[in-house]
>>> print(open('my_file-v7.cif').read())   # mmCIF, C-alpha atoms and all ligand atoms
data_protein
loop_
_atom_site.label_atom_id
_atom_site.label_comp_id
_atom_site.auth_asym_id
_atom_site.auth_seq_id
_atom_site.Cartn_x
_atom_site.Cartn_y
_atom_site.Cartn_z
CA MET A 78 -107.80 124.01 7.53
CA SER A 79 -109.27 120.79 8.70
CA LEU A 80 -112.36 118.70 8.90
CA VAL A 81 -112.45 117.87 12.59
CA LEU A 82 -114.38 115.37 14.65
CA THR A 83 -114.69 116.71 18.19
CA VAL A 84 -115.46 114.27 20.98
CA ASP A 85 -116.75 115.29 24.39
CA GLY A 86 -114.46 112.85 26.16
CA ASP A 87 -116.28 112.59 29.50
CA ARG A 88 -119.61 112.10 27.86
CA TRP A 89 -118.32 109.61 25.29
CA ARG A 90 -116.52 107.51 27.90
CA ALA A 91 -119.58 107.56 30.15
CA HIS A 92 -121.64 106.20 27.26
CA LEU A 93 -119.10 103.44 26.52
CA THR A 94 -119.05 102.42 30.17
CA ALA A 95 -122.85 102.40 30.35
CA VAL A 96 -123.21 100.24 27.23
CA ALA A 97 -120.51 97.80 28.36
CA ALA A 98 -122.06 97.52 31.84
CA ALA A 99 -125.51 96.90 30.37
CA THR A 100 -124.47 94.45 27.64
CA SER A 101 -123.30 91.12 28.90
CA GLY A 102 -120.86 89.39 26.55
CA LEU A 103 -120.27 92.59 24.58
CA VAL A 104 -117.83 92.31 21.68
CA PRO A 105 -116.88 95.80 20.47
CA VAL A 106 -116.43 96.05 16.70
CA ALA A 107 -113.59 98.21 15.34
CA LYS A 108 -113.44 98.21 11.57
CA GLY A 109 -113.09 100.41 8.51
CA ASN A 110 -112.20 103.95 9.48
CA GLY A 111 -112.84 103.06 13.13
CA TYR A 112 -116.32 104.57 12.92
CA GLY A 113 -114.61 107.91 12.21
CA LEU A 114 -112.73 107.73 15.51
CA GLY A 115 -109.84 105.56 14.30
CA LEU A 116 -109.12 101.89 14.89
CA GLY A 117 -106.29 102.57 17.34
CA ARG A 118 -108.47 104.69 19.59
CA LEU A 119 -111.23 102.06 19.62
CA ALA A 120 -108.72 99.35 20.54
CA ARG A 121 -107.38 101.46 23.43
CA ARG A 122 -110.92 102.14 24.65
CA THR A 123 -111.74 98.43 24.51
CA GLN A 124 -108.68 97.75 26.66
CA TRP A 125 -109.80 100.51 29.00
CA LEU A 126 -113.23 98.87 29.35
CA ALA A 127 -111.60 95.49 29.97
CA ASP A 128 -109.32 97.00 32.61
CA GLN A 129 -112.38 98.20 34.49
CA GLY A 130 -113.74 94.67 34.59
CA LEU A 131 -116.46 95.44 32.05
CA GLY A 132 -116.05 92.27 29.98
CA THR A 133 -114.76 92.88 26.48
CA ASP A 134 -112.39 89.91 26.45
CA THR A 135 -112.65 89.99 22.65
CA LEU A 136 -112.50 92.78 20.08
CA ALA A 137 -113.85 92.22 16.57
CA VAL A 138 -112.16 93.67 13.49
CA GLY A 139 -113.49 93.60 9.95
CA THR A 140 -110.47 92.24 8.10
CA TYR A 141 -107.11 90.60 8.71
CA GLY A 142 -105.44 93.80 7.54
CA GLU A 143 -106.99 95.66 10.46
CA LEU A 144 -105.27 93.49 13.06
CA ASP A 145 -102.14 95.61 12.64
CA ALA A 146 -103.88 98.71 13.96
CA VAL A 147 -105.33 97.10 17.07
CA HIS A 148 -103.26 94.21 18.36
CA GLN A 149 -100.71 96.28 20.26
CA ARG A 150 -103.32 98.50 21.86
CA TYR A 151 -105.57 95.77 23.14
CA ASP A 152 -104.45 92.45 24.57
CA GLY A 153 -107.52 90.17 24.36
CA GLY A 154 -108.95 87.92 21.66
CA LEU A 155 -109.33 89.30 18.15
CA LEU A 156 -112.28 88.08 16.13
CA VAL A 157 -111.99 88.70 12.39
CA LEU A 158 -115.49 89.20 11.00
CA THR A 159 -114.68 88.68 7.32
CA PRO A 160 -114.50 84.94 6.74
CA TRP A 161 -111.12 83.35 6.08
CA ARG A 162 -110.36 82.44 2.49
CA PRO A 163 -107.41 80.42 1.18
CA PHE A 164 -106.44 83.18 -1.26
CA GLU A 165 -106.17 85.71 1.57
CA ASP A 166 -104.28 83.54 3.95
CA PRO A 167 -103.20 85.58 6.97
CA ALA A 168 -100.71 82.91 8.00
CA THR A 169 -98.49 84.00 5.15
CA GLU A 170 -98.71 87.71 5.97
CA ALA A 171 -95.59 89.16 7.51
CA SER A 172 -97.48 91.04 10.21
CA TYR A 173 -99.15 87.90 11.41
CA GLN A 174 -96.76 86.64 14.03
CA ARG A 175 -97.05 83.67 16.35
CA PRO A 176 -98.21 85.45 19.53
CA LEU A 177 -100.95 87.00 17.43
CA GLN A 178 -101.99 83.59 16.11
CA ARG A 179 -103.03 82.59 19.59
CA ARG A 180 -105.28 85.63 19.89
CA VAL A 181 -106.97 85.61 16.50
CA ILE A 182 -110.36 83.97 16.09
CA HIS A 183 -111.10 83.13 12.46
CA THR A 184 -114.58 83.13 10.98
CA LEU A 185 -115.18 80.15 8.71
CA SER A 186 -118.18 80.37 6.41
CA ARG A 187 -117.57 77.51 3.97
CA LEU A 188 -117.06 73.83 4.63
CA GLU A 189 -113.92 73.66 2.48
CA ASP A 190 -112.35 76.47 4.48
CA VAL A 191 -112.65 74.49 7.72
CA THR A 192 -110.23 71.93 6.34
CA GLY A 193 -108.30 74.58 4.44
CA LEU A 194 -107.45 76.70 7.48
CA LEU A 195 -106.88 73.87 9.95
CA THR A 196 -104.55 72.09 7.55
CA ARG A 197 -102.44 75.21 7.12
CA GLN A 198 -102.69 76.37 10.68
CA PRO A 199 -103.52 73.60 13.14
CA GLY A 200 -104.64 74.84 16.54
CA SER A 201 -106.55 77.82 15.13
CA ARG A 202 -109.36 79.38 17.08
CA ILE A 203 -112.44 79.32 14.89
CA VAL A 204 -116.05 80.45 14.70
CA LEU A 205 -118.40 78.85 12.20
CA GLU A 206 -120.76 81.24 10.45
CA ARG A 207 -124.35 80.21 9.79
CA ALA A 208 -125.94 81.95 6.78
CA THR A 209 -128.92 84.23 7.47
CA THR A 210 -131.36 86.06 5.22
CA MET A 211 -128.49 88.55 4.77
CA GLN A 212 -127.13 86.06 2.21
CA ARG A 213 -123.66 87.48 2.62
CA HIS A 214 -121.57 84.69 4.08
CA GLY A 215 -122.29 81.51 5.95
CA MET A 216 -123.14 77.84 5.86
CA THR A 217 -126.50 76.18 5.37
CA ALA A 218 -127.87 73.90 8.10
CA LYS A 219 -126.53 70.91 6.19
CA GLU A 220 -123.07 72.41 5.80
CA LEU A 221 -122.97 73.30 9.47
CA ARG A 222 -123.72 69.69 10.36
CA ALA A 223 -121.02 68.52 7.96
CA ALA A 224 -118.57 71.01 9.49
CA GLY A 225 -119.39 69.57 12.92
CA LYS A 226 -118.48 66.11 11.63
CA VAL A 227 -115.25 67.36 10.08
CA LEU A 228 -114.27 68.99 13.38
CA GLN A 229 -115.10 65.86 15.33
CA GLU A 230 -112.91 63.79 13.02
CA ARG A 231 -110.05 66.26 13.25
CA GLY A 232 -109.99 65.92 17.03
CA LEU A 233 -107.97 68.48 18.90
CA ASP A 234 -106.37 70.51 16.13
CA HIS A 235 -108.62 73.51 16.68
CA ARG A 236 -110.51 75.53 19.26
CA LEU A 237 -114.15 75.96 18.30
CA GLU A 238 -115.17 79.29 19.84
CA GLY A 239 -118.77 79.38 18.68
CA VAL A 240 -121.19 79.97 15.84
CA ALA A 241 -121.73 83.38 14.24
CA ILE A 242 -125.11 84.71 13.15
CA HIS A 243 -125.05 88.04 11.31
CA MET A 244 -128.55 89.47 10.95
CA PRO A 245 -129.52 92.23 8.53
CA LEU A 246 -130.19 95.65 10.06
CA ALA A 247 -133.47 95.59 11.93
CA ASN A 248 -136.49 95.21 9.75
CA GLY A 249 -139.05 94.13 12.25
CA THR A 250 -138.02 91.44 14.67
CA HIS A 251 -135.26 88.91 14.05
CA LEU A 252 -136.44 86.49 16.70
CA THR A 253 -138.25 84.00 14.51
CA GLU A 254 -135.30 83.68 12.17
CA VAL A 255 -132.71 83.45 14.92
CA LYS A 256 -134.70 80.75 16.69
CA LEU A 257 -134.86 78.68 13.50
CA LEU A 258 -131.13 79.15 13.02
CA MET A 259 -130.55 78.13 16.63
CA ALA A 260 -132.40 74.89 15.89
CA ASP A 261 -129.82 74.24 13.14
CA VAL A 262 -126.97 75.01 15.52
CA ILE A 263 -128.34 72.64 18.14
CA GLY A 264 -128.95 70.00 15.46
CA SER A 265 -125.37 70.19 14.26
CA GLU A 266 -124.11 68.94 17.64
CA LEU A 267 -121.13 71.23 17.69
CA ASP A 268 -118.88 71.25 20.68
CA THR A 269 -119.69 74.85 21.64
CA ARG A 270 -122.34 76.81 23.49
CA THR A 271 -121.35 80.28 22.31
CA ILE A 272 -123.28 82.24 19.68
CA TRP A 273 -121.85 85.47 18.28
CA VAL A 274 -124.69 87.64 17.09
CA SER A 275 -125.05 90.97 15.31
CA HIS A 276 -127.82 93.54 15.11
CA LEU A 277 -130.16 92.17 17.75
CA THR A 278 -132.02 94.44 20.12
CA THR A 279 -131.69 94.20 23.90
CA ALA A 280 -135.17 92.68 24.05
CA GLU A 281 -134.31 90.09 21.37
CA LEU A 282 -131.14 89.14 23.24
CA ALA A 283 -133.04 88.78 26.50
CA ASP A 284 -135.61 86.54 24.82
CA LEU A 285 -132.90 84.35 23.27
CA ARG A 286 -131.08 84.00 26.57
CA GLN A 287 -134.29 82.88 28.19
CA THR A 288 -135.18 80.49 25.37
CA PHE A 289 -131.69 78.95 25.13
CA PRO A 290 -130.34 79.22 28.68
CA GLU A 291 -127.53 76.77 28.03
CA TYR A 292 -126.06 79.07 25.36
CA THR A 293 -124.00 82.23 25.75
CA PHE A 294 -124.89 85.01 23.33
CA ARG A 295 -122.21 87.51 22.44
CA PRO A 296 -123.45 90.67 20.72
CA ARG A 297 -120.98 92.26 18.31
CA ILE A 298 -121.68 95.98 18.40
CA GLY A 299 -120.06 98.91 16.62
CA THR A 300 -122.41 101.78 15.83
CA ASP A 301 -124.49 101.75 19.01
CA LEU A 302 -121.37 101.56 21.13
CA TRP A 303 -118.99 104.06 19.53
CA LEU A 304 -121.57 106.36 17.96
CA GLY A 305 -124.53 105.67 20.23
CA ASP A 306 -124.46 109.05 21.95
CA ARG A 307 -124.48 111.53 19.08
CA GLU A 308 -124.49 114.44 21.52
CA ALA A 309 -120.94 113.47 22.46
CA LEU A 310 -119.75 113.98 18.88
CA SER A 311 -119.63 116.91 16.51
CA VAL A 312 -118.04 117.60 13.17
CA SER A 313 -116.88 120.99 12.00
CA ALA A 314 -115.06 122.60 9.09
CA THR A 315 -113.22 125.90 8.79
CA VAL A 316 -114.28 128.77 6.57
CA LEU A 317 -111.18 129.38 4.46
CA ASP A 318 -112.43 132.17 2.22
CA VAL A 319 -115.49 134.31 1.58
CA HIS A 320 -116.27 136.10 -1.72
CA GLN A 321 -119.21 138.34 -2.42
CA VAL A 322 -120.88 137.68 -5.80
CA GLN A 323 -123.56 139.35 -7.88
CA ARG A 324 -126.01 137.40 -9.97
CA GLY A 325 -124.23 136.27 -13.14
CA ASP A 326 -120.69 136.48 -11.72
CA THR A 327 -118.48 133.62 -12.87
CA TYR A 328 -116.82 131.25 -10.44
CA GLY A 329 -115.37 127.77 -10.00
CA TYR A 330 -113.55 125.16 -12.06
CA ARG A 331 -116.40 125.03 -14.50
CA ALA A 332 -117.02 128.74 -14.91
CA ARG A 333 -120.54 128.65 -13.61
CA SER A 334 -122.42 131.83 -13.01
CA ALA A 335 -123.96 132.81 -9.72
CA PRO A 336 -127.73 132.20 -9.80
CA LYS A 337 -128.41 135.00 -7.31
CA PRO A 338 -126.53 137.60 -5.34
CA GLY A 339 -124.81 136.22 -2.26
CA HIS A 340 -121.49 134.86 -1.12
CA LEU A 341 -119.26 132.02 -2.12
CA LEU A 342 -117.75 130.28 0.90
CA VAL A 343 -114.70 128.11 0.60
CA VAL A 344 -114.74 125.59 3.46
CA SER A 345 -112.41 122.76 4.45
CA GLY A 346 -113.43 119.23 3.50
CA GLY A 347 -113.65 117.71 0.03
CA THR A 348 -113.79 114.49 -1.88
CA ALA A 349 -110.66 113.20 -0.12
CA HIS A 350 -112.64 113.33 3.13
CA GLY A 351 -115.64 111.64 1.57
CA ILE A 352 -117.57 114.92 1.34
CA GLY A 353 -120.16 115.05 -1.41
CA LEU A 354 -119.93 111.35 -2.09
CA GLN A 355 -122.85 110.87 0.30
CA ALA A 356 -125.92 113.07 0.76
CA PRO A 357 -127.66 112.53 -2.57
CA THR A 358 -130.39 115.05 -3.23
CA GLY A 359 -132.95 112.65 -4.55
CA ASP A 360 -133.32 110.98 -7.90
CA ALA A 361 -132.98 112.52 -11.31
CA SER A 362 -136.18 111.17 -12.78
CA VAL A 363 -138.05 113.36 -15.22
CA ARG A 364 -140.74 113.96 -12.64
CA SER A 365 -138.36 115.07 -9.91
CA ARG A 366 -136.45 117.22 -12.38
CA ALA A 367 -139.69 118.88 -13.35
CA THR A 368 -140.54 119.72 -9.74
CA THR A 369 -136.99 120.93 -9.26
CA LEU A 370 -137.36 123.31 -12.16
CA ALA A 371 -140.73 124.43 -10.90
CA ARG A 372 -139.20 125.33 -7.55
CA GLY A 373 -136.72 127.50 -9.39
CA GLY A 374 -133.76 129.33 -7.90
CA LEU A 375 -130.87 127.25 -6.62
CA ASP A 376 -132.56 123.98 -7.56
CA ALA A 377 -132.93 125.09 -11.14
CA ALA A 378 -129.30 126.17 -11.20
CA GLY A 379 -128.46 122.56 -10.32
CA LEU A 380 -126.89 123.39 -6.98
CA VAL A 381 -127.16 120.41 -4.65
CA ARG A 382 -127.51 120.37 -0.90
CA SER A 383 -124.28 120.12 1.04
CA PRO A 384 -123.71 118.67 4.51
CA TYR A 385 -122.41 122.07 5.74
CA LEU A 386 -124.63 124.20 7.97
CA VAL A 387 -124.21 127.94 7.74
CA ASP A 388 -126.46 130.31 9.66
CA GLY A 389 -128.49 127.31 10.78
CA LYS A 390 -129.24 125.78 7.37
CA HIS A 391 -127.74 123.24 5.03
CA ARG A 392 -126.21 125.28 2.22
CA ARG A 393 -125.78 124.27 -1.42
CA PHE A 394 -122.52 123.32 -3.01
CA ALA A 395 -121.69 126.10 -5.47
CA GLU A 396 -120.02 123.38 -7.53
CA PRO A 397 -118.99 119.77 -6.91
CA PRO A 398 -116.57 119.48 -3.98
CA HIS A 399 -112.85 119.77 -4.70
CA MET A 400 -110.33 117.36 -3.25
CA GLN A 401 -109.78 119.10 0.08
CA ALA A 402 -112.15 122.05 0.05
CA SER A 403 -115.70 122.75 -1.03
CA MET A 404 -117.38 125.87 -2.39
CA LEU A 405 -120.77 126.73 -0.97
CA PHE A 406 -123.29 129.26 -2.16
CA LEU A 407 -124.77 131.45 0.56
CA PRO A 408 -127.70 133.51 -0.73
CA ALA A 409 -127.93 137.18 0.25
CA GLY A 410 -129.78 137.66 3.51
CA ALA A 411 -128.05 134.90 5.44
CA GLU A 412 -125.49 135.82 8.08
CA VAL A 413 -122.06 135.65 6.45
CA PRO A 414 -119.35 133.88 8.44
CA SER A 415 -115.79 135.19 8.64
CA VAL A 416 -112.64 133.51 7.47
CA GLY A 417 -111.50 131.27 10.32
CA ASP A 418 -115.00 130.58 11.67
CA ARG A 419 -115.97 126.96 12.18
CA VAL A 420 -119.21 125.63 10.76
CA PRO A 421 -120.99 122.38 11.64
CA VAL A 422 -121.04 119.55 9.11
CA ARG A 423 -123.40 116.57 9.11
CA VAL A 424 -121.66 113.55 7.67
CA ARG A 425 -121.70 109.81 8.10
CA TYR A 426 -118.93 108.99 10.53
CA THR A 427 -118.20 105.63 8.93
CA ALA A 428 -117.74 107.17 5.49
CA THR A 429 -115.70 110.24 6.38
CA SER A 430 -111.95 110.67 6.80
CA PHE A 431 -111.38 113.35 9.37
CA ASP A 432 -108.16 115.33 9.43
CA ARG A 433 -108.26 115.27 13.20
CA VAL A 434 -110.15 113.79 16.09
CA ASP A 435 -110.07 116.15 19.08
CA VAL A 436 -111.08 114.62 22.38
CA ILE A 437 -111.84 117.51 24.72
C1 LIG B 501 -119.89 95.65 11.13
C2 LIG B 501 -120.42 94.42 11.74
C3 LIG B 501 -121.04 94.48 12.98
C4 LIG B 501 -121.24 95.77 13.73
O1 LIG B 501 -122.23 96.49 13.08
P1 LIG B 501 -122.82 97.85 13.70
O2 LIG B 501 -124.06 98.06 12.91
O3 LIG B 501 -121.79 98.90 13.48
O4 LIG B 501 -123.07 97.60 15.14
C5 LIG B 501 -121.49 93.30 13.54
N1 LIG B 501 -121.33 92.13 12.91
C6 LIG B 501 -120.72 92.03 11.70
C7 LIG B 501 -120.57 90.69 11.06
C8 LIG B 501 -120.26 93.17 11.07
O5 LIG B 501 -119.66 93.08 9.89
#
>>> encode(input="my_file-v7.cif", output="structure tokens", more="lines below")
Ligand SMILES: *Cc1c(COP(=O)(O)O)cnc(C)c1O
Amino acid sequence: MSLVLTVDGDRWRAHLTAVAAATSGLVPVAKGNGYGLGLGRLARRTQWLADQGLGTDTLAVGTYGELDAVHQRYDGGLLVLTPWRPFEDPATEASYQRPLQRRVIHTLSRLEDVTGLLTRQPGSRIVLERATTMQRHGMTAKELRAAGKVLQERGLDHRLEGVAIHMPLANGTHLTEVKLLMADVIGSELDTRTIWVSHLTTAELADLRQTFPEYTFRPRIGTDLWLGDREALSVSATVLDVHQVQRGDTYGYRARSAPKPGHLLVVSGGTAHGIGLQAPTGDASVRSRATTLARGGLDAAGLVRSPYLVDGKHRRFAEPPHMQASMLFLPAGAEVPSVGDRVPVRVRYTATSFDRVDVI
């Protein structure tokens, strides 16, 4: 009855080991739904990599709330990627105990937060974030310089662990921008030689290491690490029911009528799993609607493509997905699965809640 993510354990672990061995300074990222695999599992795997001497002295999480899921499964440093804010002060959260304080590395992206955090929690480990063309979080060159001054004046009440540079997803090369940002970092005379980077290619990293040999670059990687070998992962749903229909037969919550003869399949996975909230079938402009109507058949009936594959093809939702199950329309002619069969599903791992993760 479940939407299941199946992991080929040997293959997945071999991939993790290969990436860790090839990526010096690797910082695994475990955030959100744990890339579909779960935060706890990613924390245990990061510990496993560390135990093999493959680096990973630090694990990055997205938010303070995610520390709970990882800190007992991994014993190294914990970088929080979302910048600290005074109104979400982790020091006041019950789960945030003293031993954890020594492991957490806070990201600071505004000048006022440097003083804000260090006043509340002297001794904090911090990373200063430099803004990039992402325009999400981060300080300007001027603010970074000012932060350097503030830190110098504060003396020893903090541990500066580096500067963070979060690039947008690759859109050509990032090198020119990163090099300009590095000039700002060097100009700000901070007492650190560590740069935490995101979304740089191996070639870009190699170039930066050569250009700035006195700096250590630490790539923060999630997708390419955990999901980098897609062959190691597969998603499947169970066929829960099969009903033969004739053209015009009524079905579903909205009493639709079948556009053609075929079968209705009820399969596991619905809106609660994130099914159907992704996979748009294109825009609804007048022009595209016109071509849709011209194509006729299931398009004209308004049935949209689902992520479920039956008899080798993506099949249409017979109606919008329900909370835990979906109804598909399988036109006559296709091979009809039996109740209990499993069918493949193509979903985004980061946006899907699986009922189970089976490592085999
Ligand atoms: C999520 C995140 C990453 C990891 O991104 P992937 O594309 O999954 O590798 C790196 N850096 C920051 C700041 C992030 O928020």
>>> atom_distance(input="my_file-v7.cif", atom1="atom CA of A:Val436", atom2="atom CA of A:Ala95")
18.7 Å
>>> axis_aligned_box(input="my_file-v7.cif", around="stretch 401-415 of chain A", padding_each_side="8 Å", output="AutoDock Vina command-line options")
--center_x -119.8 --center_y 128.4 --center_z 3.1 --size_x 36.0 --size_y 34.6 --size_z 27.0
>>> residues_near_ligand(input="my_file-v7.cif", ligand="ligand LIG 501 (chain B)", cutoff="9 Å", atoms="all atoms listed in the file", output="MDAnalysis selection string")
chainID A and resid 104:109 112 137:139 157:159 241:244 246 273:276 296:304 427
>>> residues_around(input="my_file-v7.cif", residues="stretch 117-125 of chain A", least_positions_apart="5", cutoff="7 Å", atoms="only C-alpha atoms", output="JSON list (two decimals) with C-alpha atoms, in the frame of the given file")
[["chain", "number", "residue", "atom", "x", "y", "z"],
["A", 107, "ALA", "CA", -113.59, 98.21, 15.34],
["A", 111, "GLY", "CA", -112.84, 103.06, 13.13],
["A", 133, "THR", "CA", -114.76, 92.88, 26.48],
["A", 146, "ALA", "CA", -103.88, 98.71, 13.96],
["A", 147, "VAL", "CA", -105.33, 97.10, 17.07],
["A", 150, "ARG", "CA", -103.32, 98.50, 21.86],
["A", 151, "TYR", "CA", -105.57, 95.77, 23.14]]
>>> atom_distance(input="my_file-v7.cif", atom1="atom CA of A:Asp87", atom2="atom CA of A:Ala283")
29.3 Å
>>> residues_near_point(input="my_file-v7.cif", point="(-125.4, 123.7, 14.3)", cutoff="8 Å", atoms="all atoms listed in the file", output="VMD selection string")
chain A and resid 386 to 387 389 420 to 422
>>> closest_residue(input="my_file-v7.cif", among="A:Ile263, A:Leu155, A:Met78, A:Ala377", to="A:Ala402", atoms="all atoms listed in the file")
A:Met78
>>> residues_around(input="my_file-v7.cif", residues="A:Phe394", least_positions_apart="4", cutoff="7 Å", atoms="only C-alpha atoms", output="PyMOL selection string")
chain A and resi 380-383+404-406
>>> closest_residue(input="my_file-v7.cif", among="A:Leu114, A:Met400, A:Val316, A:Val181", to="A:His148", atoms="all atoms listed in the file")
A:Val181
>>> residues_near_point(input="my_file-v7.cif", point="(-125.7, 75.5, 9.9)", cutoff="6 Å", atoms="only C-alpha atoms", output="ChimeraX atom specification")
/A:207,216-221,261-262
>>> closest_residue(input="my_file-v7.cif", among="A:Gly347, A:Gly200, A:Gly239, A:Gly339", to="A:Ala314", atoms="all atoms listed in the file")
A:Gly347
>>> atom_distance(input="my_file-v7.cif", atom1="atom CA of A:Gln401", atom2="atom CA of A:His350")
7.1 Å
>>> closest_residue(input="my_file-v7.cif", among="A:Ser265, A:Asp388, A:Thr184, A:Tyr426", to="A:Ala409", atoms="only C-alpha atoms")
A:Asp388
>>> build_atoms(input="my_file-v7.cif", residues="stretch 137-149 of chain A", atoms="N, CA, C and O atoms", output="tab-separated table (two decimals), in the coordinates of the input")
chain	number	residue	atom	x	y	z
A	137	ALA	N	-113.68	92.69	17.94
A	137	ALA	CA	-113.85	92.22	16.57
A	137	ALA	C	-113.31	93.26	15.60
A	137	ALA	O	-113.54	94.46	15.78
A	138	VAL	N	-112.59	92.80	14.59
A	138	VAL	CA	-112.16	93.67	13.49
A	138	VAL	C	-112.82	93.16	12.21
A	138	VAL	O	-113.30	92.02	12.17
A	139	GLY	N	-112.85	94.01	11.19
A	139	GLY	CA	-113.49	93.60	9.95
A	139	GLY	C	-112.64	92.64	9.14
A	139	GLY	O	-113.12	91.63	8.64
A	140	THR	N	-111.34	92.99	9.00
A	140	THR	CA	-110.47	92.24	8.10
A	140	THR	C	-109.14	91.91	8.78
A	140	THR	O	-108.77	92.51	9.78
A	141	TYR	N	-108.43	90.96	8.19
A	141	TYR	CA	-107.11	90.60	8.71
A	141	TYR	C	-106.17	91.80	8.69
A	141	TYR	O	-105.36	91.98	9.60
A	142	GLY	N	-106.30	92.62	7.65
A	142	GLY	CA	-105.44	93.80	7.54
A	142	GLY	C	-105.59	94.75	8.72
A	142	GLY	O	-104.66	95.49	9.06
A	143	GLU	N	-106.74	94.74	9.35
A	143	GLU	CA	-106.99	95.66	10.46
A	143	GLU	C	-106.37	95.21	11.78
A	143	GLU	O	-106.31	95.99	12.74
A	144	LEU	N	-105.90	93.98	11.82
A	144	LEU	CA	-105.27	93.49	13.06
A	144	LEU	C	-104.07	94.35	13.44
A	144	LEU	O	-103.83	94.62	14.62
A	145	ASP	N	-103.33	94.77	12.42
A	145	ASP	CA	-102.14	95.61	12.64
A	145	ASP	C	-102.42	96.82	13.52
A	145	ASP	O	-101.63	97.18	14.36
A	146	ALA	N	-103.57	97.45	13.27
A	146	ALA	CA	-103.88	98.71	13.96
A	146	ALA	C	-104.34	98.50	15.40
A	146	ALA	O	-104.38	99.45	16.18
A	147	VAL	N	-104.73	97.29	15.75
A	147	VAL	CA	-105.33	97.10	17.07
A	147	VAL	C	-104.54	96.20	18.03
A	147	VAL	O	-104.65	96.35	19.24
A	148	HIS	N	-103.73	95.28	17.49
A	148	HIS	CA	-103.26	94.21	18.36
A	148	HIS	C	-102.24	94.64	19.42
A	148	HIS	O	-102.07	93.94	20.41
A	149	GLN	N	-101.63	95.82	19.22
A	149	GLN	CA	-100.71	96.28	20.26
A	149	GLN	C	-101.38	97.23	21.24
A	149	GLN	O	-100.78	97.66	22.21
